[in-house]
Amino acid sequence: MNSKIRGSLKLKVPWGYVDAKTWGNPQKTHILVVHGIMDNAGAFDRLIAQLPENFYYVCIDLPGHGLSSHFPSGLLLSYFSFVLTIRYVLDELKWDQTYYMGHSFGAHLGVLFSIIYPHRIQKLILIDGIIAVPYSNKDLINYIKDENNLVIEESKSNNPRLYTEEEVIYALSYLRNCCLNTEAAKALFERAATKVNDKYYYNRDIRTKLTINSLFNIDQTFYVTAQIKVHTLLIFASSSLPNLMSFREKLKSVLNNKKNITIIEVEGNHDVHNNYPERISRYISQFFNLFLHKL
């Protein structure tokens with residue numbers, strides 16, 4: 001609903017700050033909203049506009065994304081540092097409890113945080129993500145090598161390449177694993193790049209080009225997933241990323257036995273929440289308002 005009051009926050013963290021967009025009245029029920037890798041808080045603009053007004057939404061830019069500070073240069077990005085970021089954010093907001101809505105990597109963080117700090121998350125809304133897909137033994141060494149190479153590249157990148165607005169919009173739309181429609185790409189643009197004269201450079205940390213993984217093995221992944229205790233709405237996209245589609249089938253034995261998790265599938269790709277927010281907004285609204293809506 002477009003009548004929501006909009007604002008912004010800069011939340012202090014030890015390495016700088018986490019930038020956030022806010023929607024609604026701070027006196028209402030809190031919802032922390034967290035995007036996926038290489039996106040930013042703008043990914044939720046179109047969805048939140050369709051969600052109930054009786055909530056206060058804080059949509060953060062994860063470190064190295066949007067307008068937030070990057071993690072210190074020259075070091076590997078740790079999955080668990082991103083989980084810890086959620087703790088810093090909630091402490092800075094002075095929220096003892098919150099609802100949590102995350103997409104993809106943002107969903108992974110919410111799941112693990114809810115397990116580590118079970119009393120701080122009241123409900124989870126997970127959009128096409130639940131936990132990182134484990135790497136096979138044969139891919140593990142190459143993943144670590146690629147991580148190291150990205151860190152070295154990042155430490156040497158002093159002069160970012162500049163692009164036109166059209167080039168940035170095109171990249172946000174098509175040069176990604178799942179395409180965005182024009183309006184979805186524009187929702188990301190404002191926080192994705194910074195203008196220098198008549199061109200733009202990307203704000204994102206190039207170390208996020210590679211999926212940030214916990215490196216849990218398959219047994220640990222299933223074990224952690226089974227520890228989800230809070231009421232959870234899990235929304236799967238019908239045409240998600242290939243590795244997510246195959247992994248989803250493997251998780252069914254864990255998810256189908258958990259009465260606190262409601263699973264639905266909607267038509268769309270991995271970014272359905274930004275491309276077609278109307279396809280999921282009613283399910284999220286029902287879940288918010290009815291605590292656990294059985295479909």
# chains A, B, ... in the order shown; residues from 1 in each chain; ligands from 1
call {"tool": "select_by_dssp", "arguments": {"residues": "segment 190-275 of chain A", "states": "strand (DSSP E)", "output": "list in words"}}
result
Ala193, Thr194, Lys195, Val196, Lys199, Tyr200, Tyr201, Tyr202, His231, Thr232, Leu233, Leu234, Ile235, Phe236, Ala237, Ser238, Ser239, Ile261, Thr262, Ile263, Ile264, Glu265, Val266, Glu267, Gly268 and Asn269 of chain A
call {"tool": "residues_around", "arguments": {"residues": "Asp45 of chain A", "least_positions_apart": "2", "cutoff": "12 Å", "atoms": "only C-alpha atoms", "output": "number ranges by chain"}}
result
A: 1-2, 4, 6, 20-23, 33-35, 40-43, 47-51, 57-60, 183-191, 273-277
call {"tool": "residues_around", "arguments": {"residues": "segment 228-235 of chain A", "least_positions_apart": "6", "cutoff": "6 Å", "atoms": "only C-alpha atoms", "output": "list in words"}}
result
Lys123, Leu124, Ile125, Leu126, Ile127, Asp128, Asn260, Ile261, Thr262, Ile263, Ile264 and Glu265 of chain A
call {"tool": "closest_residue", "arguments": {"among": "A:Asn148, A:Ile218, A:Ile31, A:Val133", "to": "Tyr100 of chain A", "atoms": "only C-alpha atoms"}}
result
A:Ile31
call {"tool": "residues_around", "arguments": {"residues": "Ser68 of chain A", "least_positions_apart": "5", "cutoff": "9 Å", "atoms": "only C-alpha atoms", "output": "number ranges by chain"}}
result
A: 10, 16-20, 60-63, 203
call {"tool": "write_last_selection", "arguments": {"atoms": "C-alpha atoms", "output": "PDB file, in the first residue's frame"}}
result
ATOM      1  CA  LYS A  10      21.930   4.163   9.310  1.00  0.00           C
ATOM      2  CA  GLY A  16      30.873   1.028   9.654  1.00  0.00           C
ATOM      3  CA  TYR A  17      27.111   1.077   9.202  1.00  0.00           C
ATOM      4  CA  VAL A  18      24.194  -0.864   7.753  1.00  0.00           C
ATOM      5  CA  ASP A  19      21.875   1.305   5.689  1.00  0.00           C
ATOM      6  CA  ALA A  20      18.138   0.613   5.673  1.00  0.00           C
ATOM      7  CA  ILE A  60      18.467  -3.480   5.249  1.00  0.00           C
ATOM      8  CA  ASP A  61      21.277  -3.460   2.723  1.00  0.00           C
ATOM      9  CA  LEU A  62      23.586  -6.295   3.732  1.00  0.00           C
ATOM     10  CA  PRO A  63      27.290  -5.409   4.091  1.00  0.00           C
ATOM     11  CA  ASN A 203      28.175  -0.061  -4.976  1.00  0.00           C
TER      12      ASN A 203
END
call {"tool": "residues_around", "arguments": {"residues": "Thr211 of chain A", "least_positions_apart": "5", "cutoff": "12 Å", "atoms": "only C-alpha atoms", "output": "count of residues only"}}
result
20
call {"tool": "select_by_dssp", "arguments": {"residues": "segment 88-268 of chain A", "states": "alpha helix (DSSP H)", "output": "PyMOL selection string"}}
result
chain A and resi 88-93+105-116+137-156+165-174+182-192+218-226+242-255
call {"tool": "closest_residue", "arguments": {"among": "A:Ile116, A:Thr182, A:Val89, A:Ser155", "to": "Leu75 of chain A", "atoms": "only C-alpha atoms"}}
result
A:Ser155
call {"tool": "closest_residue", "arguments": {"among": "A:Leu67, A:Leu90, A:Leu175, A:Val254", "to": "Ser8 of chain A", "atoms": "only C-alpha atoms"}}
result
A:Leu67
call {"tool": "closest_residue", "arguments": {"among": "A:Leu162, A:Leu215, A:Val151, A:Leu241", "to": "Leu76 of chain A", "atoms": "only C-alpha atoms"}}
result
A:Val151
call {"tool": "atom_distance", "arguments": {"atom1": "atom CA of Asp219 of chain A", "atom2": "atom CA of Lys252 of chain A"}}
result
14.1 Å
call {"tool": "atom_distance", "arguments": {"atom1": "atom CA of Lys250 of chain A", "atom2": "atom CA of Phe222 of chain A"}}
result
9.2 Å
call {"tool": "residues_around", "arguments": {"residues": "Arg279 of chain A", "least_positions_apart": "6", "cutoff": "9 Å", "atoms": "only C-alpha atoms", "output": "PDB file with N, CA and C atoms, in the first residue's frame"}}
result
ATOM      1  N   VAL A 266       4.577 -20.758  -6.088  1.00  0.00           N
ATOM      2  CA  VAL A 266       3.949 -19.767  -6.948  1.00  0.00           C
ATOM      3  C   VAL A 266       4.668 -19.740  -8.291  1.00  0.00           C
ATOM      4  N   GLU A 267       3.969 -19.304  -9.311  1.00  0.00           N
ATOM      5  CA  GLU A 267       4.555 -19.226 -10.635  1.00  0.00           C
ATOM      6  C   GLU A 267       5.535 -18.054 -10.710  1.00  0.00           C
ATOM      7  N   GLY A 268       6.710 -18.316 -11.261  1.00  0.00           N
ATOM      8  CA  GLY A 268       7.695 -17.256 -11.401  1.00  0.00           C
ATOM      9  C   GLY A 268       9.100 -17.782 -11.226  1.00  0.00           C
ATOM     10  N   VAL A 272      10.713 -13.763  -8.029  1.00  0.00           N
ATOM     11  CA  VAL A 272       9.281 -13.528  -8.192  1.00  0.00           C
ATOM     12  C   VAL A 272       8.778 -12.424  -7.264  1.00  0.00           C
ATOM     13  N   HIS A 273       9.410 -12.258  -6.109  1.00  0.00           N
ATOM     14  CA  HIS A 273       8.960 -11.237  -5.154  1.00  0.00           C
ATOM     15  C   HIS A 273       9.119  -9.828  -5.692  1.00  0.00           C
TER      16      HIS A 273
END
call {"tool": "residues_around", "arguments": {"residues": "Glu165 of chain A", "least_positions_apart": "2", "cutoff": "12 Å", "atoms": "only C-alpha atoms", "output": "list in words"}}
result
Leu162, Tyr163, Glu167, Val168, Ile169, Tyr170, Ala171, Leu172, Ala185, Lys186, Phe189, Glu190, Ala192, Ala193, Thr194, Lys195, Val196, Asn197, Asp198, Lys199, Tyr200, Tyr201 and Tyr202 of chain A
call {"tool": "write_last_selection", "arguments": {"atoms": "C-alpha atoms", "output": "PDB file, in the first residue's frame"}}
result
ATOM      1  CA  LEU A 162      31.956   3.413 -14.877  1.00  0.00           C
ATOM      2  CA  TYR A 163      28.732   2.601 -16.733  1.00  0.00           C
ATOM      3  CA  GLU A 167      24.050  -0.267 -18.998  1.00  0.00           C
ATOM      4  CA  VAL A 168      23.355  -0.645 -15.284  1.00  0.00           C
ATOM      5  CA  ILE A 169      19.631  -1.207 -15.845  1.00  0.00           C
ATOM      6  CA  TYR A 170      20.432  -3.757 -18.556  1.00  0.00           C
ATOM      7  CA  ALA A 171      22.831  -5.605 -16.261  1.00  0.00           C
ATOM      8  CA  LEU A 172      20.323  -5.611 -13.404  1.00  0.00           C
ATOM      9  CA  ALA A 185      15.365  -3.611 -12.145  1.00  0.00           C
ATOM     10  CA  LYS A 186      14.502   0.037 -11.543  1.00  0.00           C
ATOM     11  CA  PHE A 189      18.893   0.812  -9.375  1.00  0.00           C
ATOM     12  CA  GLU A 190      18.787   3.647  -6.818  1.00  0.00           C
ATOM     13  CA  ALA A 192      22.850  -0.395  -6.740  1.00  0.00           C
ATOM     14  CA  ALA A 193      25.016   2.358  -8.208  1.00  0.00           C
ATOM     15  CA  THR A 194      26.441   5.786  -7.403  1.00  0.00           C
ATOM     16  CA  LYS A 195      26.555   8.589  -9.967  1.00  0.00           C
ATOM     17  CA  VAL A 196      29.850  10.192 -10.971  1.00  0.00           C
ATOM     18  CA  ASN A 197      29.257  13.020 -13.425  1.00  0.00           C
ATOM     19  CA  ASP A 198      27.072  11.387 -16.089  1.00  0.00           C
ATOM     20  CA  LYS A 199      27.998   7.749 -15.344  1.00  0.00           C
ATOM     21  CA  TYR A 200      27.713   5.247 -12.473  1.00  0.00           C
ATOM     22  CA  TYR A 201      29.838   2.768 -10.549  1.00  0.00           C
ATOM     23  CA  TYR A 202      28.416  -0.263  -8.768  1.00  0.00           C
TER      24      TYR A 202
END
call {"tool": "closest_residue", "arguments": {"among": "A:Pro14, A:Asn149, A:Ile130, A:Asn181", "to": "Leu84 of chain A", "atoms": "only C-alpha atoms"}}
result
A:Pro14
